[in-house]
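What follows is upload-v6.cif (mmCIF, C-alpha atoms).
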data_start
#
loop_
_atom_site.label_atom_id
_atom_site.label_comp_id
_atom_site.auth_asym_id
_atom_site.auth_seq_id
_atom_site.Cartn_x
_atom_site.Cartn_y
_atom_site.Cartn_z
CA GLY A 724 38.02 19.08 -79.10
CA ARG A 725 38.85 15.40 -78.99
CA PRO A 726 37.81 13.30 -75.95
CA ASP A 727 40.26 13.43 -73.04
CA ALA A 728 41.17 9.74 -73.17
CA MET A 729 43.45 7.66 -75.36
CA ARG A 730 42.25 5.62 -78.31
CA PRO A 731 41.61 2.02 -77.13
CA SER A 732 43.65 -0.82 -78.58
CA ASP A 733 42.08 -3.55 -80.71
CA ASP A 734 42.63 -6.10 -77.94
CA ALA A 735 40.95 -3.79 -75.42
CA LEU A 736 37.97 -3.29 -77.73
CA GLU A 737 37.45 -7.03 -78.11
CA ARG A 738 37.95 -7.79 -74.42
CA ALA A 739 35.59 -5.05 -73.29
CA ALA A 740 32.89 -6.14 -75.75
CA ASN A 741 33.13 -9.75 -74.54
CA ASP A 742 33.03 -8.79 -70.87
CA ILE A 743 30.06 -6.48 -71.35
CA GLN A 744 28.21 -9.22 -73.19
CA LYS A 745 28.75 -11.61 -70.27
CA PHE A 746 27.36 -9.08 -67.81
CA GLN A 747 24.36 -8.39 -70.04
CA GLN A 748 23.57 -12.08 -70.26
CA MET A 749 23.15 -12.08 -66.49
CA ASP A 750 20.19 -9.74 -66.95
CA GLY A 751 18.52 -11.82 -69.63
CA GLY A 752 16.93 -10.16 -72.65
CA HIS A 753 18.62 -9.34 -75.93
CA TYR A 754 21.25 -6.65 -76.40
CA ASP A 755 22.79 -5.50 -79.64
CA SER A 756 26.40 -4.43 -80.15
CA ALA A 757 25.58 -0.91 -79.00
CA GLY A 758 24.28 -2.17 -75.67
CA ASN A 759 20.63 -1.54 -76.48
CA GLY A 760 18.31 -4.12 -75.03
CA ASP A 761 14.66 -5.08 -75.15
CA SER A 762 14.57 -5.20 -71.36
CA GLU A 763 15.14 -1.45 -71.26
CA SER A 764 11.95 -0.74 -73.21
CA LYS A 765 9.97 -2.64 -70.60
CA ALA A 766 11.41 -0.61 -67.74
CA GLU A 767 12.06 2.80 -69.19
CA GLU A 768 12.93 4.42 -65.90
CA GLY A 769 15.48 1.72 -64.99
CA ASP A 770 13.60 0.17 -62.04
CA ALA A 771 13.79 -3.45 -63.23
CA PRO A 772 16.19 -5.73 -61.31
CA SER A 773 19.54 -5.84 -63.05
CA PRO A 774 22.16 -8.05 -61.36
CA GLY A 775 24.34 -7.99 -64.48
CA TRP A 776 24.43 -4.18 -64.57
CA HIS A 777 25.28 -3.93 -60.86
CA ALA A 778 28.03 -6.53 -61.24
CA ALA A 779 29.47 -4.68 -64.24
CA VAL A 780 29.43 -1.36 -62.39
CA ALA A 781 31.15 -2.89 -59.37
CA TYR A 782 33.81 -4.46 -61.56
CA ALA A 783 34.53 -1.27 -63.53
CA SER A 784 34.72 0.73 -60.30
CA SER A 785 37.27 -1.72 -58.88
CA LEU A 786 39.71 -0.94 -61.69
CA GLY A 787 40.79 2.36 -60.12
CA LYS A 788 39.58 5.71 -58.86
CA PRO A 789 39.50 7.45 -62.28
CA PHE A 790 37.25 4.72 -63.61
CA GLN A 791 35.07 4.73 -60.51
CA THR A 792 34.59 8.47 -60.96
CA ARG A 793 33.44 7.91 -64.53
CA VAL A 794 31.10 5.12 -63.46
CA ASP A 795 29.54 7.36 -60.81
CA LYS A 796 28.61 9.86 -63.54
CA LEU A 797 26.73 7.32 -65.64
CA CYS A 798 23.02 7.89 -66.03
CA GLY A 799 20.88 4.78 -65.90
CA LYS A 800 22.01 1.54 -67.49
CA ASP A 801 24.35 3.14 -69.99
CA TRP A 802 26.08 0.03 -71.34
CA TYR A 803 27.76 1.93 -74.16
CA ARG A 804 29.63 4.33 -71.87
CA LEU A 805 30.41 1.59 -69.39
CA ARG A 806 32.00 -0.37 -72.21
CA ARG A 807 34.06 2.70 -73.15
CA ILE A 808 35.36 2.87 -69.57
CA LEU A 809 36.45 -0.76 -69.77
CA GLU A 810 38.11 -0.17 -73.15
CA VAL A 811 40.25 2.62 -71.73
CA SER A 812 41.11 0.69 -68.57
CA TYR A 813 42.20 -2.36 -70.56
CA THR A 814 44.25 -0.20 -72.91
CA VAL A 815 46.31 1.24 -70.06
CA GLY A 816 46.49 -2.08 -68.23
CA ALA A 817 44.62 -0.80 -65.16
CA GLU A 818 45.11 -4.05 -63.24
CA LYS A 819 48.90 -3.49 -63.15
CA ALA A 820 49.16 0.28 -63.47
CA THR A 821 50.38 2.48 -60.62
CA GLU A 822 48.16 5.07 -58.97
CA GLU A 823 50.04 7.86 -60.77
CA GLN A 824 49.54 6.18 -64.13
CA LEU A 825 45.83 5.77 -63.50
CA GLU A 826 45.43 9.41 -62.47
CA ALA A 827 46.97 10.46 -65.79
CA VAL A 828 44.43 8.51 -67.85
CA TYR A 829 41.86 11.28 -67.91
CA SER A 830 43.16 14.82 -68.03
CA GLY A 831 39.83 16.44 -67.20
CA GLU A 832 40.16 18.60 -70.34
CA ARG A 833 39.47 17.95 -73.99
CA PHE A 834 42.53 18.35 -76.14
CA GLY A 835 42.28 21.56 -78.14
CA ALA A 836 39.24 22.74 -76.19
CA LEU A 837 38.45 26.46 -76.51
CA GLY A 838 38.73 26.93 -72.74
CA THR A 839 42.40 25.96 -72.90
CA ARG A 840 43.04 28.67 -75.50
CA GLY A 841 41.93 31.63 -73.44
CA TYR A 842 38.30 31.80 -74.58
CA ASP A 843 35.47 32.49 -72.16
CA VAL A 844 33.37 29.39 -72.80
CA ARG A 845 29.82 29.28 -71.43
CA CYS A 846 27.75 26.13 -71.89
CA PHE A 847 23.96 25.98 -71.81
CA PHE A 848 21.45 23.15 -71.75
CA LEU A 849 17.97 23.91 -73.08
CA CYS A 850 15.78 22.05 -70.61
CA PRO A 851 12.02 21.41 -71.09
CA ASP A 852 10.02 22.82 -68.19
CA ASP A 853 7.44 20.01 -68.37
CA ARG A 854 8.78 16.52 -69.00
CA ARG A 855 5.36 14.96 -69.55
CA LYS A 856 4.49 17.45 -72.28
CA HIS A 857 8.00 17.06 -73.67
CA ALA A 858 7.44 13.29 -73.93
CA GLU A 859 4.32 13.99 -75.98
CA VAL A 860 6.35 16.30 -78.24
CA VAL A 861 8.90 13.51 -78.74
CA ASP A 862 6.15 11.04 -79.67
CA ARG A 863 4.69 13.49 -82.19
CA ARG A 864 8.09 14.05 -83.80
CA CYS A 865 8.62 10.31 -84.17
CA GLU A 866 5.29 10.10 -85.96
CA ASP A 867 6.33 13.02 -88.16
CA MET A 868 9.47 11.14 -89.20
CA LEU A 869 7.35 8.19 -90.27
CA ARG A 870 4.92 10.42 -92.14
CA ARG A 871 7.85 11.99 -94.00
CA GLY A 872 9.28 8.73 -95.27
CA LEU A 873 11.55 7.14 -92.65
CA LEU A 874 10.51 3.61 -93.68
CA ASN A 875 11.27 4.10 -97.36
CA GLU A 876 14.48 5.99 -96.60
CA THR A 877 15.76 3.21 -94.33
CA ALA A 878 14.92 0.46 -96.84
CA SER A 879 16.51 2.32 -99.74
CA LEU A 880 19.72 3.03 -97.83
CA SER A 881 19.94 -0.55 -96.61
CA VAL A 882 19.62 -2.23 -100.03
CA ALA A 883 22.05 0.31 -101.51
CA GLY A 884 24.66 -0.78 -98.97
CA GLU A 885 24.76 2.67 -97.37
CA LEU A 886 23.44 1.48 -94.01
CA PRO A 887 25.70 -1.45 -93.03
CA ASP A 888 24.76 -3.32 -89.87
CA ALA A 889 28.23 -2.80 -88.38
CA GLY A 890 28.05 0.97 -88.86
CA GLN A 891 27.01 3.43 -86.20
CA PRO A 892 24.08 4.89 -88.23
CA ALA A 893 22.35 1.49 -88.38
CA ARG A 894 22.51 1.34 -84.59
CA ALA A 895 21.11 4.84 -84.14
CA ILE A 896 17.64 5.31 -82.72
CA GLY A 897 15.16 5.34 -85.56
CA TYR A 898 17.18 3.37 -88.09
CA ARG A 899 17.73 0.50 -85.66
CA GLN A 900 14.04 0.03 -84.81
CA THR A 901 13.03 0.48 -88.45
CA LEU A 902 15.48 -2.14 -89.71
CA GLU A 903 14.28 -4.62 -87.11
CA TYR A 904 10.68 -3.98 -88.12
CA LEU A 905 11.30 -4.29 -91.86
CA ARG A 906 13.24 -7.53 -91.33
CA ARG A 907 10.62 -9.19 -89.10
CA SER A 908 10.17 -12.87 -89.87
CA ASP A 909 6.36 -12.91 -89.75
CA ALA A 910 5.79 -9.98 -92.10
CA LYS A 911 2.38 -9.74 -93.73
CA SER A 912 0.54 -7.08 -95.71
CA GLN A 913 -1.48 -4.36 -93.95
CA ASP A 914 -0.38 -5.57 -90.50
CA GLY A 915 -1.55 -2.72 -88.27
CA ASP A 916 -0.59 -4.53 -85.06
CA ALA A 917 3.03 -4.93 -86.16
CA LEU A 918 3.14 -1.28 -87.21
CA ASN A 919 1.82 -0.12 -83.83
CA ALA A 920 4.32 -2.30 -81.98
CA PHE A 921 7.12 -0.80 -84.08
CA ILE A 922 5.98 2.76 -83.39
CA ASP A 923 5.85 1.98 -79.66
CA GLU A 924 9.44 0.69 -79.77
CA PHE A 925 10.59 3.75 -81.73
CA THR A 926 8.93 6.32 -79.47
CA THR A 927 10.00 4.52 -76.28
CA ALA A 928 13.65 4.38 -77.35
CA THR A 929 13.58 8.06 -78.29
CA ARG A 930 12.02 9.12 -74.98
CA ARG A 931 14.50 6.96 -73.12
CA TYR A 932 17.42 8.65 -74.87
CA ALA A 933 16.00 12.11 -74.10
CA LYS A 934 15.74 11.05 -70.45
CA LYS A 935 19.38 9.94 -70.46
CA GLN A 936 20.49 13.23 -72.00
CA MET A 937 18.82 15.15 -69.18
CA GLY A 938 20.57 12.94 -66.65
CA TRP A 939 23.98 13.39 -68.30
CA PHE A 940 23.72 17.17 -68.28
CA ARG A 941 22.35 17.34 -64.73
CA LYS A 942 25.58 15.65 -63.63
CA ASP A 943 27.74 18.12 -65.57
CA GLY A 944 28.19 21.15 -63.34
CA ASP A 945 29.60 23.28 -66.16
CA PHE A 946 26.28 23.56 -67.99
CA MET A 947 23.82 26.35 -67.25
CA PHE A 948 20.25 25.01 -67.37
CA ILE A 949 17.88 27.24 -69.35
CA PRO A 950 14.14 26.50 -69.08
CA VAL A 951 12.14 26.04 -72.28
CA SER A 952 8.39 26.55 -71.90
CA ILE A 953 6.91 23.60 -73.79
CA SER A 954 3.34 24.89 -73.52
CA LYS A 955 4.13 28.16 -75.32
CA LEU A 956 4.20 28.73 -79.06
CA SER A 957 7.49 27.84 -80.76
CA GLN A 958 8.54 31.43 -81.53
CA GLU A 959 7.68 32.61 -78.03
CA ARG A 960 9.62 29.90 -76.24
CA VAL A 961 12.64 30.34 -78.53
CA GLU A 962 12.69 34.10 -77.85
CA GLU A 963 12.34 33.52 -74.12
CA ALA A 964 15.20 31.01 -73.99
CA THR A 965 17.33 33.24 -76.23
CA ASN A 966 16.84 36.19 -73.88
CA HIS A 967 17.91 34.06 -70.91
CA ILE A 968 21.09 33.00 -72.70
CA LEU A 969 21.85 36.54 -73.87
CA HIS A 970 21.50 37.80 -70.30
CA MET A 971 23.90 35.14 -69.03
CA CYS A 972 26.43 35.94 -71.77
CA LEU A 973 26.41 39.64 -70.87
CA LEU A 974 27.33 38.93 -67.24
CA SER A 975 30.95 39.12 -66.18
CA ARG A 976 32.69 35.77 -65.81
CA GLU A 977 32.51 36.08 -62.03
CA GLU A 978 28.81 36.85 -62.10
CA PHE A 979 28.14 34.01 -64.52
CA GLU A 980 29.94 31.48 -62.33
CA GLY A 981 28.01 32.79 -59.35
CA GLU A 982 24.80 31.91 -61.17
CA LEU A 983 26.18 28.60 -62.43
CA TYR A 984 27.76 27.13 -59.34
CA SER A 985 25.84 28.72 -56.48
CA ASP A 986 22.54 27.61 -55.04
CA GLN A 987 22.69 30.15 -52.22
CA PRO A 988 19.76 32.51 -51.42
CA LYS A 989 18.98 35.00 -54.16
CA SER A 990 17.81 38.59 -53.77
CA LYS A 991 14.14 39.18 -52.96
CA GLN A 992 13.61 40.80 -56.35
CA ASP A 993 14.02 37.43 -58.08
CA ASP A 994 10.85 35.58 -59.00
CA SER A 995 10.31 32.27 -57.24
CA SER A 996 7.93 29.37 -57.04
CA ASN A 997 7.51 26.10 -55.25
CA ILE A 998 8.06 22.81 -57.01
CA GLN A 999 5.74 19.96 -56.17
CA SER A 1000 5.91 16.37 -57.35
CA LYS A 1001 2.44 15.39 -58.53
CA LYS A 1002 2.65 11.81 -57.29
CA SER A 1003 4.76 12.10 -54.15
CA LYS A 1004 3.24 15.43 -53.06
CA GLU A 1005 6.76 16.51 -52.12
CA VAL A 1006 7.08 20.31 -52.06
CA VAL A 1007 10.41 22.13 -52.37
CA ASP A 1008 10.89 25.87 -51.89
CA THR A 1009 12.97 27.10 -54.83
CA SER A 1010 12.91 30.81 -54.01
CA THR A 1011 16.55 30.69 -52.91
CA LEU A 1012 17.83 28.96 -56.03
CA SER A 1013 19.38 30.42 -59.17
CA LEU A 1014 17.55 29.98 -62.48
CA SER A 1015 19.83 27.10 -63.48
CA ALA A 1016 19.57 25.30 -60.15
CA ARG A 1017 15.79 25.75 -60.06
CA THR A 1018 15.42 24.42 -63.61
CA LYS A 1019 17.68 21.46 -62.90
CA LEU A 1020 15.82 20.59 -59.69
CA LEU A 1021 12.44 20.78 -61.41
CA ASN A 1022 13.68 18.50 -64.18
CA GLU A 1023 14.98 15.96 -61.66
CA MET A 1024 11.80 15.96 -59.57
CA GLN A 1025 9.58 15.53 -62.61
CA GLY A 1026 11.52 12.37 -63.41
CA LYS A 1027 9.80 10.69 -60.47
CA ASP A 1028 6.41 11.39 -62.01
CA MET A 1029 7.56 10.11 -65.40
CA LYS A 1030 7.62 6.59 -63.98
CA PHE A 1031 3.86 6.70 -64.36
CA TYR A 1032 3.93 7.94 -67.95
CA LYS A 1033 2.38 5.51 -70.40
CA GLY A 1034 3.18 5.82 -74.08
CA GLY A 1035 1.21 4.32 -76.92
CA THR A 1036 -0.93 7.35 -77.71
CA ARG A 1037 -1.13 8.20 -81.41
CA TYR A 1038 -1.43 11.85 -82.33
CA GLN A 1039 -1.36 11.68 -86.14
CA ILE A 1040 -0.98 8.06 -87.26
CA THR A 1041 -4.31 7.07 -85.75
CA GLU A 1042 -6.12 3.98 -86.98
CA GLY A 1043 -8.45 4.80 -89.84
CA SER A 1044 -6.76 8.10 -90.68
CA SER A 1045 -5.18 8.93 -94.04
CA ASP A 1046 -1.78 9.16 -92.31
CA HIS A 1047 -2.18 5.63 -90.95
CA GLU A 1048 -3.12 4.32 -94.38
CA GLN A 1049 -0.16 6.12 -95.98
CA VAL A 1050 2.39 4.82 -93.46
CA LEU A 1051 0.98 1.27 -93.59
CA THR A 1052 1.21 1.26 -97.40
CA GLU A 1053 4.79 2.56 -97.22
CA ALA A 1054 5.56 -0.12 -94.64
CA ASP A 1055 4.45 -2.86 -97.03
CA ALA A 1056 6.49 -1.39 -99.89
CA SER A 1057 9.59 -0.94 -97.72
CA THR A 1058 9.30 -4.44 -96.30
CA SER A 1059 9.24 -5.79 -99.85
CA ILE A 1060 12.38 -3.82 -100.69
CA ILE A 1061 14.20 -5.37 -97.74
CA GLN A 1062 12.87 -8.93 -97.84
CA ASP A 1063 12.16 -9.54 -101.51
CA GLY A 1064 14.70 -7.28 -103.14
CA ALA A 1065 11.90 -5.61 -105.04
CA VAL A 1066 12.64 -2.27 -106.63
CA LEU A 1067 9.75 -0.16 -105.40
CA THR A 1068 9.43 3.57 -104.98
CA PHE A 1069 6.87 4.85 -102.55
CA LYS A 1070 5.29 8.21 -103.27
CA ALA A 1071 4.06 10.06 -100.21
#

Translate this structure into structure tokens?
Amino acid sequence: GRPDAMRPSDDALERAANDIQKFQQMDGGHYDSAGNGDSESKAEEGDAPSPGWHAAVAYASSLGKPFQTRVDKLCGKDWYRLRRILEVSYTVGAEKATEEQLEAVYSGERFGALGTRGYDVRCFFLCPDDRRKHAEVVDRRCEDMLRRGLLNETASLSVAGELPDAGQPARAIGYRQTLEYLRRSDAKSQDGDALNAFIDEFTTATRRYAKKQMGWFRKDGDFMFIPVSISKLSQERVEEATNHILHMCLLSREEFEGELYSDQPKSKQDDSSNIQSKKSKEVVDTSTLSLSARTKLLNEMQGKDMKFYKGGTRYQITEGSSDHEQVLTEADASTSIIQDGAVLTFKA
């Protein structure tokens, strides 16, 4: 269904964008219109000092309880969603609105949602059981996208006018980093260093978004967390996750909610294991937790170890390989399309 908040007015959109920009300037670094900044790539886990972010959060929270509740659910420095909160608050005139008017801003339901029509809706989040291995999978998939023609695709769409800067696709992860790379001012042929820097930006942004997704769903109590065994073969892990979901769907609604919302002791027949953070050595007994709670806790604890994860490893586009030569050649051709207006077609 549609989001449970009104459409912001044009004045609110402009005011929120201007205010967010002022807060971002307090942090230094460069942010685009989507709230993406270069400072985030340098502190992927959000540990860098951020006076502007903290000031923005405090300001949005001061606009009323409904907005404070939304702010509390934000994961990391999510400028985009913080801006959306300001847009809604300005639209309703939060500074002058009564408490009753503010409480009515968010209904808590999506208009037209299936749950409001009598359906038994059960939501699942497929959660990787090993975040470090998952990060490696993400890096490999980014390289796959480059091997399959992302550079040429982006350049072709851009010169055809199908990827306007003001549009959401151009700000999406992948297209955004590629456009910035192809438009670089110091472009030169066969520049392996520039290509590597671009791949680092692309993979870092993608991992960061995956991290934020995990945080968003951990804060949503209506989602059942289903573990996905990253180390297993694709077919095996899909079958395993499918069986978990099928089992949960066959439970009665009462039984399902018991699994979803309860972290009380389980029966002794349930399998269990201890979770230990590799760096902190913290050990947590999970034998009393449901599958969803155990999976969610493991995901959260592994986040602490991810602070020590260092990207930059190449799995396929390694220097001297045929893949590296192919992508570098495509990069030169695509850069020419963007910067020189040349009509070139790259053949993979």

Need the shell around segment 950-962 of chain A: protein/DNA/RNA residues with any atom at most 10 Å away, counting all atoms listed in the file. Skip same-chain ones fewer than 5 positions apart. Format as JSON, numbers by chain?
{"A": [848, 849, 850, 851, 852, 853, 854, 855, 856, 857, 860, 967, 968, 1014, 1015, 1017, 1018, 1019, 1021, 1022]}

Selection as number ranges by chain: residues within 10 Å of (29.0, -4.2, -70.8), counting only C-alpha atoms:
A: 739-748, 754, 756-758, 775-776, 778-780, 783, 800-809

Polymer residues at most 10 Å from Ser912 of chain A, all atoms listed in the file, same-chain spacing of 4 or more positions, as a ChimeraX atom specification
/A:1051-1052,1054-1056,1058-1059

Would you mind telling me which residue in A:Arg899, A:Lys935, A:Lys1027, A:Lys911 lies nearest to Gly799 of chain A when using only C-alpha atoms?
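Smallest distance to Gly799 of chain A is found for A:Lys935.
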
Taking all atoms listed in the file into account, name the residue in A:Ser812, A:Asn919, A:Ser1044, A:Thr901 that is nearest to Leu874 of chain A.
A:Thr901

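One finds atom CA of Leu902 of chain A at 11.1 Å from atom CA of Val882 of chain A.
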
Pick out the residues sitting within 10 Å of Asp1046 of chain A, and hand them over as a list in words; count all atoms listed in the file, and ignore anything fewer than 3 positions along from it in its own chain.
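Here the answer would be Glu866, Asp867, Leu869, Arg870, Gln1039, Ile1040, Thr1041, Glu1042, Gly1043, Gln1049, Val1050, Leu1051, Thr1052 and Ala1071 of chain A.
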
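Each of A:Gln913, A:Cys846, A:Phe940, A:Asp923 was checked against Gln900 of chain A using only C-alpha atoms; the smallest atom-to-atom distance is that of A:Asp923.
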
Exactly which residues make up the result of the PyMOL selection byres ((chain A and resi 1034) around 12) on this file, given as a count of residues only?
32

Contacts of Met971 of chain A at 10 Å (only C-alpha atoms; same-chain gap of 2+ positions) as JSON, numbers by chain
{"A": [845, 847, 947, 949, 965, 966, 967, 968, 969, 973, 974, 975, 976, 978, 979, 980, 982, 983]}

For atom CA of Pro731 of chain A and atom CA of Gly944 of chain A, quote the distance in Å rounded to one decimal.
27.1 Å

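When atom CA of Arg738 of chain A is paired with atom CA of Gly816 of chain A, their separation reads 12.0 Å.
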
Considering all atoms listed in the file, can you say which of A:Gly897, A:Gly915, A:Pro774, A:Gly981 comes closest to His1047 of chain A?
A:Gly915

May I ask which of the residues A:Ser881, A:Gln936, A:Gln891, A:Gln1025 is the closest one to Cys798 of chain A, counting all atoms listed in the file?
A:Gln936
